[in-house]
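Asker: Dropping the structure in here first, questions after.
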Amino acid sequence: MKVLFAADGSKYTKKALAFLVTHESLAGPEDEVVVLNVQPPVPPRVKGMVGASTVNAYYEDEAKKVLDPIERFLKRHKLNYRTLWVAGPPAAEVTRVAKREKAHMIVMGTHGHGILGRAVMGSVAQRVVTDSEIPVLLVK
């Protein structure tokens with residue numbers, strides 16, 4: 001099975017990652033985990049002021065802060081994985097990359113804001129569940 005693991009670096013990402021590695025039916029030795037970090041896009045005027053290469057370096061640095069500890073964790077658990085990052089709207093990018101990668105499932109943590117929190121600030125997890133054509137496992 002190929003699993004797309006959406007990682008934002010929060011404590012909810014850590015809980016979801018722990019769940020993933022303790023359930024061999026999701027991520028065993030024969031499976032592949034694609035760890036994705038989505039960087040929220042900077043406003044276009046910022047990119048125009050500082051330049052595309054500076055913005056891309058910023059995205060890469062921020063993504064490494066999230067992905068490097070996950071890589072170390074997955075190496076210890078001897079899982080077949082690879083990491084990647086993209087910039088864009090998080091929910092849209094998670095579903096787009098899952099489709100491009102031909103993932104069988106998306107796994108992600110959820111912040112658990114509840115109905116009021118989602119109404120006020122939205123929820124990446126809610127959008128992914130709504131927009132995805134493949135199963136989504138949310139770990140609270």
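Labels used: A, B, ... for chains in the order of the structure tokens, numbers from 1 for residues in each chain, and numbers from 1 for ligands as shown.
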I need the residues in chain A that are helix (DSSP H, G or I) according to DSSP; give them as number ranges by chain.

Answerer: A: 11-21, 44-50, 52-76, 90-101, 114-121, 124-131

Asker: Got a sec: who's within 6 Å of Val34 in chain A, counting only C-alpha atoms, leaving out chain neighbours fewer than 2 positions off, as number ranges by chain?

Answerer: A: 4-5, 81-83

Asker: Pull N, CA and C atoms from the residues just selected and write them as a PDB file, in the first residue's frame.

Answerer:
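What ended up in out_16.pdb:
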ATOM      1  N   LEU A   4      -0.006   8.420   1.713  1.00  0.00           N
ATOM      2  CA  LEU A   4       0.457   9.800   1.747  1.00  0.00           C
ATOM      3  C   LEU A   4       0.241  10.300   3.167  1.00  0.00           C
ATOM      4  N   PHE A   5       1.329  10.683   3.824  1.00  0.00           N
ATOM      5  CA  PHE A   5       1.255  11.188   5.188  1.00  0.00           C
ATOM      6  C   PHE A   5       1.447  12.694   5.144  1.00  0.00           C
ATOM      7  N   TYR A  81      10.128   4.974   2.860  1.00  0.00           N
ATOM      8  CA  TYR A  81       9.498   6.296   2.798  1.00  0.00           C
ATOM      9  C   TYR A  81      10.295   7.213   1.878  1.00  0.00           C
ATOM     10  N   ARG A  82       9.654   8.310   1.534  1.00  0.00           N
ATOM     11  CA  ARG A  82      10.339   9.443   0.923  1.00  0.00           C
ATOM     12  C   ARG A  82       9.586  10.697   1.321  1.00  0.00           C
ATOM     13  N   THR A  83      10.279  11.811   1.285  1.00  0.00           N
ATOM     14  CA  THR A  83       9.667  13.070   1.693  1.00  0.00           C
ATOM     15  C   THR A  83       9.622  14.032   0.517  1.00  0.00           C
TER      16      THR A  83
END

Asker: Fewer than 3 positions away in the same chain doesn't count, so skip those; otherwise give me all residues within 9 Å of range 66-77 of chain A, counting only C-alpha atoms, as a PyMOL selection string.

Answerer: chain A and resi 7-10+14+17+21+35-37+62-63+80-85

Asker: Please determine, counting only C-alpha atoms, which residue among A:Ala98, A:Val86, A:Met105, A:Leu137 has the shortest atom-to-atom distance to Lys64 in chain A.

Answerer: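 Of A:Ala98, A:Val86, A:Met105, A:Leu137, the one nearest Lys64 in chain A, counting only C-alpha atoms, is A:Val86.
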
Asker: Give me, as JSON, numbers by chain, the residues of range 3-72 of chain A that a backbone DSSP run labels strand (DSSP E or B).

Answerer: {"A": [3, 4, 5, 6, 32, 33, 34, 35, 36, 37, 38, 39]}

Asker: Pick out the residues sitting within 12 Å of Val55 in chain A, and hand them over as a compact mmCIF listing (two decimals) with C-alpha atoms, in the first residue's frame; count only C-alpha atoms, and ignore anything fewer than 3 positions along from it in its own chain.

Answerer:
# COMPACT_ATOMS: atom_id res chain seq x y z
CA GLN A 39 4.05 25.37 2.86
CA PRO A 40 1.37 28.08 2.80
CA PRO A 41 2.05 30.44 -0.10
CA VAL A 42 3.50 33.86 0.58
CA PRO A 43 1.63 36.82 -0.91
CA PRO A 44 2.65 37.50 -4.53
CA ARG A 45 3.91 40.99 -3.68
CA VAL A 46 6.38 39.50 -1.18
CA LYS A 47 7.68 37.15 -3.86
CA GLY A 48 8.04 40.15 -6.18
CA MET A 49 9.95 42.14 -3.57
CA VAL A 50 12.44 39.51 -2.43
CA GLY A 51 12.58 37.29 -5.52
CA ALA A 52 11.47 33.77 -6.31
CA TYR A 58 12.44 30.03 2.67
CA TYR A 59 9.93 27.29 1.76
CA GLU A 60 12.68 24.68 1.70
CA ASP A 61 14.08 25.76 5.08
CA GLU A 62 10.64 25.68 6.68
CA ALA A 87 3.82 25.35 -1.59

Asker: Extract, using only C-alpha atoms, all DNA, RNA and protein residues at most 9 Å from Ile106 in chain A, discarding same-chain residues fewer than 3 positions from it, and format them as a list in words.

Answerer: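 In the requested format, the answer is Lys2, Val3, Leu4, Phe5, Ala6, Val94, Thr95, Ala98, Ala103, Val128, Ser132, Ile134, Pro135, Val136, Leu137 and Leu138 of chain A.
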
Asker: For Met1 in chain A, which residue among A:Lys102, A:Val139, A:Lys78, A:Ala16 is the nearest when counting only C-alpha atoms?

Answerer: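 The shortest atom-to-atom distance to Met1 in chain A comes from A:Lys102.
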
Asker: If we count only C-alpha atoms and set the cut-off at 9 Å, which residues sit around Val124 in chain A, ignoring sequence neighbours fewer than 4 positions away in its own chain? Please answer as a PyMOL selection string.

Answerer: chain A and resi 90-92+110+128-129

Asker: Just the selected residues (N, CA, C and O atoms), exported as a compact mmCIF listing (two decimals), in the first residue's frame, please.

Answerer:
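This went into result21.txt:
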# COMPACT_ATOMS: atom_id res chain seq x y z
N PRO A 90 -2.98 24.27 1.61
CA PRO A 90 -2.71 22.94 2.15
C PRO A 90 -3.69 21.83 1.73
O PRO A 90 -3.25 20.78 1.25
N ALA A 91 -4.97 22.03 1.88
CA ALA A 91 -5.92 20.95 1.57
C ALA A 91 -5.87 20.60 0.08
O ALA A 91 -5.85 19.41 -0.28
N ALA A 92 -5.84 21.60 -0.76
CA ALA A 92 -5.80 21.35 -2.21
C ALA A 92 -4.52 20.62 -2.61
O ALA A 92 -4.55 19.71 -3.45
N THR A 110 -5.38 15.59 13.08
CA THR A 110 -6.38 16.65 13.07
C THR A 110 -6.28 17.41 14.38
O THR A 110 -6.06 16.82 15.44
N VAL A 128 -9.77 18.09 3.12
CA VAL A 128 -9.16 16.91 2.51
C VAL A 128 -10.18 15.78 2.46
O VAL A 128 -10.35 15.12 1.42
N VAL A 129 -10.89 15.55 3.56
CA VAL A 129 -11.91 14.49 3.59
C VAL A 129 -12.97 14.76 2.52
O VAL A 129 -13.40 13.86 1.80

Asker: Of the candidates A:Leu79, A:Ala125, A:Val38, A:Val107, which shows the shortest atom-to-atom distance to Lys15 in chain A, using only C-alpha atoms?

Answerer: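 Closest to Lys15 in chain A of all the choices is A:Val107.
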